[in-house]
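Raw data32.txt, compact mmCIF, C-alpha atoms:
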# COMPACT_ATOMS: atom_id res chain seq x y z
CA MET A 1 -45.63 -64.68 4.49
CA THR A 2 -49.07 -63.08 4.61
CA GLY A 3 -49.76 -59.48 5.46
CA LEU A 4 -50.88 -60.59 8.90
CA ASP A 5 -47.59 -62.44 9.39
CA ARG A 6 -45.69 -59.33 8.38
CA LEU A 7 -47.69 -57.23 10.81
CA LYS A 8 -46.93 -59.68 13.60
CA ALA A 9 -43.26 -59.63 12.61
CA ALA A 10 -43.25 -55.84 12.83
CA PHE A 11 -44.72 -55.98 16.32
CA ALA A 12 -42.25 -58.67 17.39
CA GLN A 13 -39.32 -56.68 16.05
CA ALA A 14 -40.34 -53.33 17.49
CA LEU A 15 -41.49 -54.57 20.88
CA GLY A 16 -38.85 -57.26 21.30
CA ILE A 17 -41.38 -60.02 21.87
CA PRO A 18 -41.42 -63.64 20.66
CA ALA A 19 -42.96 -64.38 17.29
CA ASN A 20 -45.47 -66.74 18.93
CA SER A 21 -46.83 -64.14 21.35
CA ASP A 22 -50.56 -63.64 21.86
CA PHE A 23 -50.73 -60.50 19.75
CA ASP A 24 -54.41 -59.87 20.41
CA THR A 25 -53.64 -59.04 24.03
CA LEU A 26 -51.02 -56.43 23.27
CA GLN A 27 -51.88 -52.88 24.37
CA TYR A 28 -50.00 -49.61 24.31
CA ALA A 29 -48.80 -48.45 27.75
CA VAL A 30 -49.98 -51.76 29.25
CA THR A 31 -47.77 -54.35 27.58
CA PRO A 32 -44.30 -54.11 29.11
CA GLY A 33 -41.96 -52.37 26.70
CA TRP A 34 -44.70 -50.77 24.60
CA ASP A 35 -44.01 -47.19 25.64
CA SER A 36 -44.03 -44.05 23.48
CA VAL A 37 -40.51 -44.60 22.17
CA ALA A 38 -41.26 -48.21 21.24
CA HIS A 39 -44.54 -47.04 19.77
CA MET A 40 -42.81 -44.76 17.26
CA ASN A 41 -40.42 -47.58 16.36
CA LEU A 42 -43.42 -49.85 15.89
CA VAL A 43 -45.12 -47.37 13.60
CA ALA A 44 -41.92 -47.07 11.56
CA GLU A 45 -41.60 -50.87 11.32
CA ILE A 46 -45.16 -51.22 10.07
CA GLU A 47 -44.81 -48.34 7.62
CA ASN A 48 -41.58 -49.76 6.18
CA SER A 49 -42.99 -53.27 6.04
CA PHE A 50 -46.00 -52.24 3.95
CA ASP A 51 -44.63 -49.04 2.34
CA ILE A 52 -47.43 -46.97 3.81
CA MET A 53 -47.56 -43.76 5.83
CA PHE A 54 -49.77 -43.47 8.90
CA PRO A 55 -51.67 -40.21 9.30
CA THR A 56 -50.75 -38.73 12.68
CA GLU A 57 -54.22 -39.43 14.07
CA ASP A 58 -53.66 -43.13 13.43
CA VAL A 59 -50.22 -43.00 15.04
CA ILE A 60 -51.88 -41.75 18.19
CA ASP A 61 -54.88 -44.09 17.85
CA MET A 62 -52.99 -47.35 17.30
CA SER A 63 -53.32 -48.65 20.83
CA SER A 64 -53.54 -52.38 20.17
CA PHE A 65 -52.77 -55.07 17.64
CA GLY A 66 -56.43 -55.08 16.70
CA ARG A 67 -56.38 -51.33 15.96
CA ALA A 68 -53.23 -51.83 13.93
CA LYS A 69 -55.01 -54.40 11.76
CA GLU A 70 -57.90 -51.99 11.20
CA ILE A 71 -55.61 -49.09 10.35
CA VAL A 72 -53.36 -50.89 7.86
CA THR A 73 -56.43 -52.44 6.21
CA ARG A 74 -57.91 -48.98 5.79
CA LEU A 75 -54.61 -47.85 4.30
CA GLY A 76 -54.93 -50.47 1.59
CA VAL A 77 -53.05 -53.46 3.01
CA ASP A 78 -54.50 -56.92 2.38
CA LEU A 79 -53.64 -58.87 5.51
CA SER A 80 -54.73 -62.16 3.95
CA ALA A 81 -52.39 -61.91 0.98
CA MET B 1 -8.79 -41.93 9.60
CA GLN B 2 -7.26 -43.77 6.67
CA SER B 3 -4.01 -45.58 7.46
CA GLY B 4 -0.86 -43.76 6.36
CA MET B 5 -2.49 -40.31 6.66
CA GLN B 6 -0.74 -37.46 8.40
CA PRO B 7 -2.56 -36.18 11.50
CA GLY B 8 -4.97 -33.35 10.62
CA ALA B 9 -5.07 -34.22 6.92
CA LEU B 10 -8.43 -34.43 5.20
CA PRO B 11 -9.47 -37.82 3.87
CA GLU B 12 -9.20 -38.30 0.11
CA LYS B 13 -12.90 -37.92 -0.44
CA HIS B 14 -14.56 -34.85 1.04
CA THR B 15 -18.02 -35.29 2.43
CA ALA B 16 -19.47 -32.68 0.10
CA PRO B 17 -18.21 -30.78 -2.94
CA GLU B 18 -18.41 -26.98 -3.12
CA THR B 19 -21.27 -27.16 -5.59
CA GLN B 20 -24.20 -29.52 -5.66
CA MET B 21 -24.14 -29.65 -1.87
CA LEU B 22 -27.71 -30.99 -1.87
CA ASP B 23 -27.53 -33.14 -4.98
CA GLY B 24 -30.74 -35.15 -5.24
CA LYS B 25 -31.96 -34.21 -1.78
CA ILE B 26 -35.71 -33.59 -1.41
CA ALA B 27 -36.17 -30.27 0.39
CA PHE B 28 -39.39 -28.62 1.60
CA ILE B 29 -39.19 -24.92 2.41
CA THR B 30 -42.23 -23.31 4.02
CA GLY B 31 -42.98 -19.71 3.18
CA SER B 32 -40.66 -19.83 0.19
CA THR B 33 -42.14 -17.42 -2.36
CA ARG B 34 -40.47 -14.39 -0.82
CA GLY B 35 -37.59 -13.20 1.35
CA ILE B 36 -35.39 -15.70 3.15
CA GLY B 37 -37.48 -18.64 1.99
CA TRP B 38 -37.21 -17.70 -1.69
CA ALA B 39 -33.47 -17.02 -1.39
CA THR B 40 -33.10 -20.43 0.24
CA ALA B 41 -35.13 -22.11 -2.47
CA GLN B 42 -32.93 -20.64 -5.19
CA LEU B 43 -29.73 -21.63 -3.41
CA PHE B 44 -31.04 -25.15 -2.81
CA ALA B 45 -32.00 -25.49 -6.47
CA GLN B 46 -28.58 -24.23 -7.50
CA HIS B 47 -27.06 -26.98 -5.35
CA GLY B 48 -29.05 -29.77 -6.91
CA ALA B 49 -31.96 -30.19 -4.53
CA VAL B 50 -35.46 -31.17 -5.51
CA VAL B 51 -37.28 -28.15 -4.13
CA ILE B 52 -40.81 -28.15 -2.72
CA LEU B 53 -42.01 -24.58 -2.43
CA ASN B 54 -44.83 -23.31 -0.26
CA GLY B 55 -46.86 -20.15 -0.18
CA ARG B 56 -49.92 -19.28 1.84
CA ALA B 57 -52.35 -17.58 -0.51
CA ASN B 58 -50.86 -16.43 -3.81
CA GLN B 59 -51.10 -19.41 -6.16
CA GLN B 60 -49.96 -17.32 -9.12
CA LEU B 61 -46.76 -16.22 -7.40
CA LEU B 62 -46.13 -19.79 -6.27
CA ASP B 63 -46.52 -21.05 -9.83
CA GLU B 64 -44.16 -18.34 -11.09
CA ARG B 65 -41.52 -19.27 -8.53
CA VAL B 66 -41.75 -22.97 -9.40
CA ALA B 67 -41.37 -22.12 -13.10
CA GLU B 68 -38.40 -19.89 -12.35
CA LEU B 69 -36.54 -22.62 -10.44
CA ARG B 70 -37.15 -25.01 -13.31
CA SER B 71 -35.95 -22.59 -15.99
CA ARG B 72 -32.99 -21.00 -14.19
CA PHE B 73 -31.57 -24.06 -12.48
CA ALA B 74 -33.12 -26.96 -14.42
CA ALA B 75 -34.39 -27.97 -10.99
CA THR B 76 -37.15 -30.37 -10.16
CA ALA B 77 -39.60 -28.17 -8.29
CA ILE B 78 -43.21 -28.31 -7.16
CA GLY B 79 -45.32 -26.01 -5.03
CA PHE B 80 -47.90 -26.43 -2.29
CA CYS B 81 -50.27 -23.56 -1.58
CA ALA B 82 -51.08 -24.05 2.10
CA ASP B 83 -51.36 -21.98 5.26
CA ALA B 84 -48.75 -23.14 7.79
CA SER B 85 -51.26 -22.62 10.59
CA GLU B 86 -53.85 -25.01 9.15
CA THR B 87 -52.92 -28.41 10.52
CA ALA B 88 -54.99 -30.36 8.00
CA ALA B 89 -53.29 -28.52 5.15
CA VAL B 90 -49.87 -29.23 6.65
CA LYS B 91 -50.62 -32.94 6.92
CA ALA B 92 -51.93 -33.01 3.37
CA CYS B 93 -48.59 -31.63 2.14
CA TYR B 94 -46.73 -34.56 3.65
CA ALA B 95 -49.19 -37.12 2.37
CA GLU B 96 -48.49 -35.73 -1.11
CA ILE B 97 -44.72 -35.68 -0.54
CA PHE B 98 -44.88 -39.34 0.49
CA LYS B 99 -46.99 -40.16 -2.56
CA GLN B 100 -44.65 -38.38 -5.01
CA PHE B 101 -41.23 -38.93 -3.50
CA LYS B 102 -41.54 -41.52 -0.68
CA ARG B 103 -38.92 -39.52 1.24
CA LEU B 104 -37.91 -36.12 2.55
CA ASP B 105 -34.36 -35.03 3.33
CA VAL B 106 -34.62 -31.39 4.39
CA LEU B 107 -37.29 -29.23 5.99
CA VAL B 108 -36.81 -25.48 6.37
CA ASN B 109 -39.46 -24.12 8.73
CA ASN B 110 -39.38 -20.57 7.43
CA ALA B 111 -43.02 -19.44 7.22
CA GLY B 112 -43.83 -16.85 9.83
CA ILE B 113 -45.58 -13.56 10.57
CA MET B 114 -44.45 -10.54 12.53
CA GLN B 115 -47.26 -8.55 14.15
CA ASP B 116 -46.12 -6.05 16.73
CA SER B 117 -47.84 -4.44 19.65
CA VAL B 118 -46.86 -2.89 22.97
CA LEU B 119 -47.83 -5.13 25.87
CA GLY B 120 -50.88 -3.14 26.91
CA MET B 121 -52.46 -3.38 23.46
CA ILE B 122 -51.90 -7.04 22.64
CA SER B 123 -55.16 -8.63 21.52
CA GLU B 124 -56.10 -12.27 21.81
CA PRO B 125 -56.57 -12.64 18.03
CA LEU B 126 -53.03 -11.33 17.52
CA VAL B 127 -51.66 -13.85 19.96
CA ASP B 128 -53.70 -16.72 18.53
CA ARG B 129 -52.69 -15.97 14.97
CA SER B 130 -49.01 -15.52 15.83
CA LEU B 131 -48.90 -18.74 17.81
CA ALA B 132 -50.73 -20.61 15.08
CA VAL B 133 -48.38 -19.55 12.28
CA ASN B 134 -45.09 -19.20 14.12
CA VAL B 135 -45.29 -22.10 16.60
CA LYS B 136 -48.07 -24.59 15.89
CA GLY B 137 -47.36 -24.64 12.17
CA PRO B 138 -43.62 -25.30 12.48
CA LEU B 139 -44.23 -27.90 15.18
CA PHE B 140 -46.60 -29.94 13.02
CA HIS B 141 -44.35 -29.51 10.01
CA LEU B 142 -41.50 -30.87 12.11
CA GLN B 143 -43.64 -33.73 13.36
CA GLU B 144 -44.67 -34.81 9.87
CA ALA B 145 -41.27 -34.25 8.28
CA SER B 146 -39.42 -36.20 10.95
CA ARG B 147 -41.60 -39.25 10.37
CA LEU B 148 -40.72 -39.24 6.68
CA MET B 149 -37.06 -38.67 7.44
CA ALA B 150 -37.00 -41.45 10.04
CA ARG B 151 -37.79 -43.97 7.28
CA ASN B 152 -34.32 -43.31 5.87
CA LYS B 153 -32.71 -42.63 9.25
CA SER B 154 -31.49 -39.33 7.85
CA GLY B 155 -32.63 -35.74 7.60
CA ALA B 156 -32.01 -32.12 8.41
CA ILE B 157 -34.53 -29.67 9.84
CA ILE B 158 -33.77 -25.97 10.08
CA ASN B 159 -36.09 -23.69 12.03
CA VAL B 160 -35.94 -20.01 11.14
CA SER B 161 -36.26 -18.17 14.41
CA SER B 162 -35.09 -14.56 14.97
CA ILE B 163 -32.68 -12.49 16.98
CA ILE B 164 -35.86 -11.08 18.52
CA GLY B 165 -36.59 -14.56 19.85
CA SER B 166 -33.24 -14.90 21.56
CA ALA B 167 -32.74 -11.28 22.69
CA GLY B 168 -36.23 -9.78 22.94
CA LYS B 169 -37.27 -6.30 21.90
CA GLU B 170 -39.71 -3.73 23.24
CA GLY B 171 -42.98 -3.71 21.34
CA GLN B 172 -42.44 -7.24 20.03
CA ALA B 173 -43.37 -9.44 22.97
CA VAL B 174 -45.66 -11.70 20.95
CA TYR B 175 -43.27 -12.15 18.02
CA SER B 176 -40.41 -12.67 20.44
CA ALA B 177 -42.36 -15.28 22.40
CA THR B 178 -43.20 -17.24 19.27
CA LYS B 179 -39.66 -17.13 17.93
CA ALA B 180 -38.25 -18.13 21.31
CA ALA B 181 -40.65 -21.08 21.26
CA LEU B 182 -38.94 -22.28 18.09
CA LEU B 183 -35.62 -22.43 19.94
CA GLY B 184 -37.07 -24.72 22.60
CA LEU B 185 -38.65 -26.83 19.90
CA THR B 186 -35.31 -27.02 18.10
CA LYS B 187 -33.38 -28.21 21.11
CA SER B 188 -35.98 -30.74 22.25
CA ALA B 189 -36.51 -32.14 18.78
CA ALA B 190 -32.75 -32.37 18.23
CA LYS B 191 -32.38 -34.58 21.29
CA GLU B 192 -35.34 -36.77 20.42
CA LEU B 193 -34.51 -37.21 16.74
CA ALA B 194 -30.71 -37.63 16.92
CA PRO B 195 -31.01 -41.43 17.42
CA LYS B 196 -32.93 -41.51 14.13
CA GLY B 197 -30.19 -39.69 12.24
CA ILE B 198 -32.18 -36.46 11.99
CA ARG B 199 -30.47 -33.18 12.81
CA VAL B 200 -32.46 -30.15 14.00
CA ASN B 201 -30.95 -26.68 14.16
CA ALA B 202 -32.14 -23.08 14.15
CA VAL B 203 -30.97 -19.81 12.68
CA THR B 204 -31.69 -16.44 14.28
CA PRO B 205 -31.55 -13.81 11.56
CA GLY B 206 -31.03 -10.20 12.53
CA LEU B 207 -32.20 -7.25 10.47
CA ILE B 208 -32.73 -8.71 7.01
CA GLN B 209 -33.93 -6.82 3.94
CA THR B 210 -37.27 -8.55 3.38
CA GLU B 211 -40.89 -7.47 3.10
CA LEU B 212 -41.16 -7.69 6.88
CA LEU B 213 -39.04 -4.51 6.97
CA LYS B 214 -41.00 -2.47 4.47
CA ASP B 215 -43.31 -0.93 7.04
CA LEU B 216 -40.53 -0.10 9.49
CA PRO B 217 -40.34 3.70 10.02
CA ALA B 218 -37.12 5.30 8.81
CA ALA B 219 -36.10 6.38 12.31
CA LYS B 220 -36.55 2.85 13.64
CA LEU B 221 -34.52 1.48 10.74
CA ALA B 222 -31.71 3.91 11.40
CA GLU B 223 -31.74 3.01 15.09
CA ALA B 224 -31.55 -0.68 14.23
CA LEU B 225 -28.71 -0.20 11.75
CA ALA B 226 -26.73 1.70 14.36
CA GLY B 227 -26.74 -1.44 16.50
CA ILE B 228 -25.23 -3.66 13.82
CA LYS B 229 -21.46 -3.98 14.12
CA MET B 230 -21.09 -4.84 10.42
CA GLY B 231 -22.94 -1.62 9.59
CA ARG B 232 -25.54 -3.02 7.20
CA ALA B 233 -28.76 -4.92 7.13
CA GLY B 234 -28.44 -8.50 5.99
CA GLN B 235 -29.69 -9.87 2.70
CA PRO B 236 -31.89 -12.94 2.43
CA GLU B 237 -28.97 -14.71 0.76
CA ASP B 238 -26.86 -14.19 3.89
CA VAL B 239 -29.31 -16.33 5.83
CA ALA B 240 -29.87 -18.79 2.99
CA LYS B 241 -26.17 -19.67 2.93
CA VAL B 242 -26.20 -20.69 6.59
CA ILE B 243 -29.39 -22.69 6.03
CA LEU B 244 -27.66 -24.43 3.11
CA PHE B 245 -24.73 -25.33 5.37
CA LEU B 246 -27.04 -26.74 8.03
CA ALA B 247 -28.97 -28.72 5.43
CA SER B 248 -25.85 -30.18 3.85
CA ASP B 249 -23.46 -32.94 4.84
CA LEU B 250 -20.97 -30.26 5.86
CA ALA B 251 -23.03 -30.02 9.05
CA SER B 252 -23.26 -33.78 9.53
CA TYR B 253 -22.23 -33.52 13.19
CA VAL B 254 -24.19 -30.36 14.03
CA THR B 255 -27.51 -30.63 15.83
CA GLY B 256 -29.41 -28.74 18.51
CA GLN B 257 -27.58 -25.54 17.65
CA VAL B 258 -28.78 -21.96 17.21
CA ILE B 259 -26.75 -19.90 14.76
CA GLY B 260 -27.11 -16.15 14.67
CA VAL B 261 -26.99 -14.51 11.23
CA ASP B 262 -27.06 -10.87 12.29
CA GLY B 263 -23.88 -9.04 11.35
CA GLY B 264 -23.02 -8.60 15.04
CA MET B 265 -26.33 -6.98 15.94
CA ILE B 266 -26.87 -5.88 19.53
CA LEU B 267 -30.43 -5.34 20.72

Step by step, read the file and then write its structure as structure tokens.
Amino acid sequence: MTGLDRLKAAFAQALGIPANSDFDTLQYAVTPGWDSVAHMNLVAEIENSFDIMFPTEDVIDMSSFGRAKEIVTRLGVDLSA
Amino acid sequence: MQSGMQPGALPEKHTAPETQMLDGKIAFITGSTRGIGWATAQLFAQHGAVVILNGRANQQLLDERVAELRSRFAATAIGFCADASETAAVKACYAEIFKQFKRLDVLVNNAGIMQDSVLGMISEPLVDRSLAVNVKGPLFHLQEASRLMARNKSGAIINVSSIIGSAGKEGQAVYSATKAALLGLTKSAAKELAPKGIRVNAVTPGLIQTELLKDLPAAKLAEALAGIKMGRAGQPEDVAKVILFLASDLASYVTGQVIGVDGGMIL
């Protein structure tokens, strides 16, 4: 399982969506079920999955799957590995 | 209840022994080089906690306190010199806690200032500073700490408010407002964090013998003592013991509560 797969798995788990969803279209407060409570669960899933800690600014800024990829990459995660 | 037990009997294994009530727990106490915070740090160390101390400006005193915990209690202790009102400094503390320990079990939001003024002479800088230290600081500490605690679905946060926050007092409108804010924060955070296994409670100390009292005029002190049913000012240890209870597994079903530690004080 690559880092990207694990990130997708975290999103699927936290948002209760199928593993084959179109992740690139997911957006906070737009995608059904991605509200503030789910958002904090999502952050926790990602943090636990990669053993990282989001700075609060990134918690607030992570508004899409694309932003999530940028943030975890900046925090040292290799999504291709 | 275990089968075969008589009603009302305790289970064979208690949830916490009388000593080592925080064995191995990682505890961060803000404003812990003096007064209630220092008393709490010592009690936590005595009960087996890994203690993270914090002071605002005096690095030497902070280093001395860390060394004292290590020598007196053989405790694991470190110190962060950071102003509770500086959000970036607060966040940096938690980044370091995550780096060193990967977890946090207890936060005691103790750092605070008490600057008094009658209503007509309250200045904006006084309000801004009081709000920054007594409200914004604890809020961001709680925010950061709860995220670390949520990783383990477990934690205890104790906010040190004041009897002034719950009862009010003439000449202390700003301090009272900031300490009352902590009570609202406590109750809201308790409700939000309970599903994550994190308990949030507050203590409201009364008249406690700390440095905050040293500038109190003798007549004011006498007037205050007259209003305490137990007839004495409290000691920092009196408050520390209640904080220890709230931090420990003895309080495993206690959240969203405000406990007065005031000797029966009436304001």

Determine the axis-aligned bounding box of all atoms of segment 25-40 of chain A present in the file, pad each side by 8 Å, and express its centre and edge lengths in Å to one decimal place as AutoDock Vina command-line options.
--center_x -47.1 --center_y -51.5 --center_z 23.3 --size_x 29.1 --size_y 31.0 --size_z 28.0

Separation of atom CA of Pro32 of chain A from atom CA of Asn20 of chain A in Å: 16.3 Å

Please list as an mmCIF file with C-alpha atoms, in the frame of the given file every residue within 12 Å of Asp58 of chain A, counting all atoms listed in the file and excluding residues in the same chain fewer than 5 positions away.
data_model
loop_
_atom_site.group_PDB
_atom_site.id
_atom_site.type_symbol
_atom_site.label_atom_id
_atom_site.label_comp_id
_atom_site.auth_asym_id
_atom_site.auth_seq_id
_atom_site.Cartn_x
_atom_site.Cartn_y
_atom_site.Cartn_z
ATOM 1 C CA HIS A 39 -44.540 -47.040 19.770
ATOM 2 C CA MET A 40 -42.810 -44.760 17.260
ATOM 3 C CA VAL A 43 -45.120 -47.370 13.600
ATOM 4 C CA GLU A 47 -44.810 -48.340 7.620
ATOM 5 C CA MET A 53 -47.560 -43.760 5.830
ATOM 6 C CA SER A 63 -53.320 -48.650 20.830
ATOM 7 C CA SER A 64 -53.540 -52.380 20.170
ATOM 8 C CA ARG A 67 -56.380 -51.330 15.960
ATOM 9 C CA ALA A 68 -53.230 -51.830 13.930
ATOM 10 C CA LYS A 69 -55.010 -54.400 11.760
ATOM 11 C CA GLU A 70 -57.900 -51.990 11.200
ATOM 12 C CA ILE A 71 -55.610 -49.090 10.350
ATOM 13 C CA VAL A 72 -53.360 -50.890 7.860
ATOM 14 C CA ARG A 74 -57.910 -48.980 5.790
ATOM 15 C CA LEU A 75 -54.610 -47.850 4.300
#

Where does chain B meet chain A within 12 Å, residue by residue, with the nearest atom pair and distance in Å to one decimal for each, counting only C-alpha atoms, listed by chain and rising number, as JSON lines?
{"residue": "B:Thr87", "atom": "CA", "partner": "A:Thr56", "partner_atom": "CA", "distance": 10.8}
{"residue": "B:Ala88", "atom": "CA", "partner": "A:Pro55", "partner_atom": "CA", "distance": 10.5}
{"residue": "B:Val90", "atom": "CA", "partner": "A:Thr56", "partner_atom": "CA", "distance": 11.3}
{"residue": "B:Lys91", "atom": "CA", "partner": "A:Pro55", "partner_atom": "CA", "distance": 7.7}
{"residue": "B:Ala92", "atom": "CA", "partner": "A:Pro55", "partner_atom": "CA", "distance": 9.3}
{"residue": "B:Cys93", "atom": "CA", "partner": "A:Pro55", "partner_atom": "CA", "distance": 11.6}
{"residue": "B:Tyr94", "atom": "CA", "partner": "A:Pro55", "partner_atom": "CA", "distance": 9.4}
{"residue": "B:Ala95", "atom": "CA", "partner": "A:Met53", "partner_atom": "CA", "distance": 7.7}
{"residue": "B:Glu96", "atom": "CA", "partner": "A:Met53", "partner_atom": "CA", "distance": 10.7}
{"residue": "B:Ile97", "atom": "CA", "partner": "A:Met53", "partner_atom": "CA", "distance": 10.7}
{"residue": "B:Phe98", "atom": "CA", "partner": "A:Met53", "partner_atom": "CA", "distance": 7.4}
{"residue": "B:Lys99", "atom": "CA", "partner": "A:Met53", "partner_atom": "CA", "distance": 9.1}
{"residue": "B:Lys102", "atom": "CA", "partner": "A:Asp51", "partner_atom": "CA", "distance": 8.7}
{"residue": "B:Arg103", "atom": "CA", "partner": "A:Met53", "partner_atom": "CA", "distance": 10.7}
{"residue": "B:Phe140", "atom": "CA", "partner": "A:Thr56", "partner_atom": "CA", "distance": 9.7}
{"residue": "B:His141", "atom": "CA", "partner": "A:Thr56", "partner_atom": "CA", "distance": 11.5}
{"residue": "B:Gln143", "atom": "CA", "partner": "A:Thr56", "partner_atom": "CA", "distance": 8.7}
{"residue": "B:Glu144", "atom": "CA", "partner": "A:Thr56", "partner_atom": "CA", "distance": 7.8}
{"residue": "B:Ala145", "atom": "CA", "partner": "A:Thr56", "partner_atom": "CA", "distance": 11.4}
{"residue": "B:Ser146", "atom": "CA", "partner": "A:Met40", "partner_atom": "CA", "distance": 11.2}
{"residue": "B:Arg147", "atom": "CA", "partner": "A:Ala44", "partner_atom": "CA", "distance": 7.9}
{"residue": "B:Leu148", "atom": "CA", "partner": "A:Met53", "partner_atom": "CA", "distance": 8.2}
{"residue": "B:Met149", "atom": "CA", "partner": "A:Ala44", "partner_atom": "CA", "distance": 10.5}
{"residue": "B:Ala150", "atom": "CA", "partner": "A:Ala44", "partner_atom": "CA", "distance": 7.6}
{"residue": "B:Arg151", "atom": "CA", "partner": "A:Ala44", "partner_atom": "CA", "distance": 6.7}
{"residue": "B:Asn152", "atom": "CA", "partner": "A:Asn48", "partner_atom": "CA", "distance": 9.7}
{"residue": "B:Lys153", "atom": "CA", "partner": "A:Ala44", "partner_atom": "CA", "distance": 10.5}
{"residue": "B:Glu192", "atom": "CA", "partner": "A:Val37", "partner_atom": "CA", "distance": 9.5}
{"residue": "B:Leu193", "atom": "CA", "partner": "A:Val37", "partner_atom": "CA", "distance": 11.0}
{"residue": "B:Pro195", "atom": "CA", "partner": "A:Val37", "partner_atom": "CA", "distance": 11.1}
{"residue": "B:Lys196", "atom": "CA", "partner": "A:Asn41", "partner_atom": "CA", "distance": 9.9}

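The neighbours of Ala19 of chain A here are the residues that come within 9 Å of it, using only C-alpha atoms and leaving out any residue fewer than 3 positions away in the same chain; they are A:Lys8, A:Ala9, A:Phe11, A:Ala12, A:Gln13, A:Asp22.
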
Those same residues - C-alpha atoms - I'd like them written as a tab-separated table (two decimals), in the frame of the given file.
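Saved to part07.tsv:
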chain	number	residue	atom	x	y	z
A	8	LYS	CA	-46.93	-59.68	13.60
A	9	ALA	CA	-43.26	-59.63	12.61
A	11	PHE	CA	-44.72	-55.98	16.32
A	12	ALA	CA	-42.25	-58.67	17.39
A	13	GLN	CA	-39.32	-56.68	16.05
A	22	ASP	CA	-50.56	-63.64	21.86

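Nearest-residue note for His47 of chain B: choosing from B:Ile198, B:Leu244, B:Val174, B:Ile208, the minimum distance belongs to B:Leu244, counting all atoms listed in the file.
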
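One distance worth recording is that between atom CA of Asp116 of chain B and atom CA of Ser162 of chain B, which is 14.0 Å.
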
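Look at Ala202 of chain B: the protein and nucleic acid residues within 6 Å of it, using all atoms listed in the file and passing over chain neighbours fewer than 4 places away, are Ile158, Asn159, Val160 and Val258 of chain B.
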
Keeping only C-alpha atoms, take the residues you just selected and write them out as a PDB file, in the coordinates of the input.
ATOM      1  CA  ILE B 158     -33.770 -25.970  10.080  1.00  0.00           C
ATOM      2  CA  ASN B 159     -36.090 -23.690  12.030  1.00  0.00           C
ATOM      3  CA  VAL B 160     -35.940 -20.010  11.140  1.00  0.00           C
ATOM      4  CA  VAL B 258     -28.780 -21.960  17.210  1.00  0.00           C
TER       5      VAL B 258
END

Fix up segment 92-104 of chain B with N, CA and C atoms, then write it as a PDB file, keeping the file's coordinate frame.
ATOM      1  N   ALA B  92     -51.679 -32.660   4.771  1.00  0.00           N
ATOM      2  CA  ALA B  92     -51.930 -33.010   3.370  1.00  0.00           C
ATOM      3  C   ALA B  92     -50.664 -32.833   2.531  1.00  0.00           C
ATOM      4  N   CYS B  93     -49.859 -31.827   2.859  1.00  0.00           N
ATOM      5  CA  CYS B  93     -48.590 -31.630   2.140  1.00  0.00           C
ATOM      6  C   CYS B  93     -47.727 -32.881   2.251  1.00  0.00           C
ATOM      7  N   TYR B  94     -47.637 -33.427   3.438  1.00  0.00           N
ATOM      8  CA  TYR B  94     -46.730 -34.560   3.650  1.00  0.00           C
ATOM      9  C   TYR B  94     -47.288 -35.848   3.057  1.00  0.00           C
ATOM     10  N   ALA B  95     -48.603 -35.962   3.045  1.00  0.00           N
ATOM     11  CA  ALA B  95     -49.190 -37.120   2.370  1.00  0.00           C
ATOM     12  C   ALA B  95     -48.835 -37.071   0.885  1.00  0.00           C
ATOM     13  N   GLU B  96     -48.835 -35.871   0.310  1.00  0.00           N
ATOM     14  CA  GLU B  96     -48.490 -35.730  -1.110  1.00  0.00           C
ATOM     15  C   GLU B  96     -46.999 -35.949  -1.342  1.00  0.00           C
ATOM     16  N   ILE B  97     -46.172 -35.466  -0.413  1.00  0.00           N
ATOM     17  CA  ILE B  97     -44.720 -35.680  -0.540  1.00  0.00           C
ATOM     18  C   ILE B  97     -44.434 -37.183  -0.496  1.00  0.00           C
ATOM     19  N   PHE B  98     -45.079 -37.887   0.403  1.00  0.00           N
ATOM     20  CA  PHE B  98     -44.880 -39.340   0.490  1.00  0.00           C
ATOM     21  C   PHE B  98     -45.330 -40.013  -0.803  1.00  0.00           C
ATOM     22  N   LYS B  99     -46.450 -39.562  -1.338  1.00  0.00           N
ATOM     23  CA  LYS B  99     -46.990 -40.160  -2.560  1.00  0.00           C
ATOM     24  C   LYS B  99     -46.051 -39.932  -3.746  1.00  0.00           C
ATOM     25  N   GLN B 100     -45.478 -38.718  -3.838  1.00  0.00           N
ATOM     26  CA  GLN B 100     -44.650 -38.380  -5.010  1.00  0.00           C
ATOM     27  C   GLN B 100     -43.204 -38.833  -4.853  1.00  0.00           C
ATOM     28  N   PHE B 101     -42.665 -38.730  -3.657  1.00  0.00           N
ATOM     29  CA  PHE B 101     -41.230 -38.930  -3.500  1.00  0.00           C
ATOM     30  C   PHE B 101     -40.862 -40.068  -2.535  1.00  0.00           C
ATOM     31  N   LYS B 102     -41.782 -40.470  -1.687  1.00  0.00           N
ATOM     32  CA  LYS B 102     -41.540 -41.520  -0.680  1.00  0.00           C
ATOM     33  C   LYS B 102     -40.492 -41.130   0.350  1.00  0.00           C
ATOM     34  N   ARG B 103     -39.947 -39.926   0.280  1.00  0.00           N
ATOM     35  CA  ARG B 103     -38.920 -39.520   1.240  1.00  0.00           C
ATOM     36  C   ARG B 103     -38.877 -38.004   1.350  1.00  0.00           C
ATOM     37  N   LEU B 104     -38.214 -37.535   2.393  1.00  0.00           N
ATOM     38  CA  LEU B 104     -37.910 -36.120   2.550  1.00  0.00           C
ATOM     39  C   LEU B 104     -36.557 -36.043   3.235  1.00  0.00           C
TER      40      LEU B 104
END
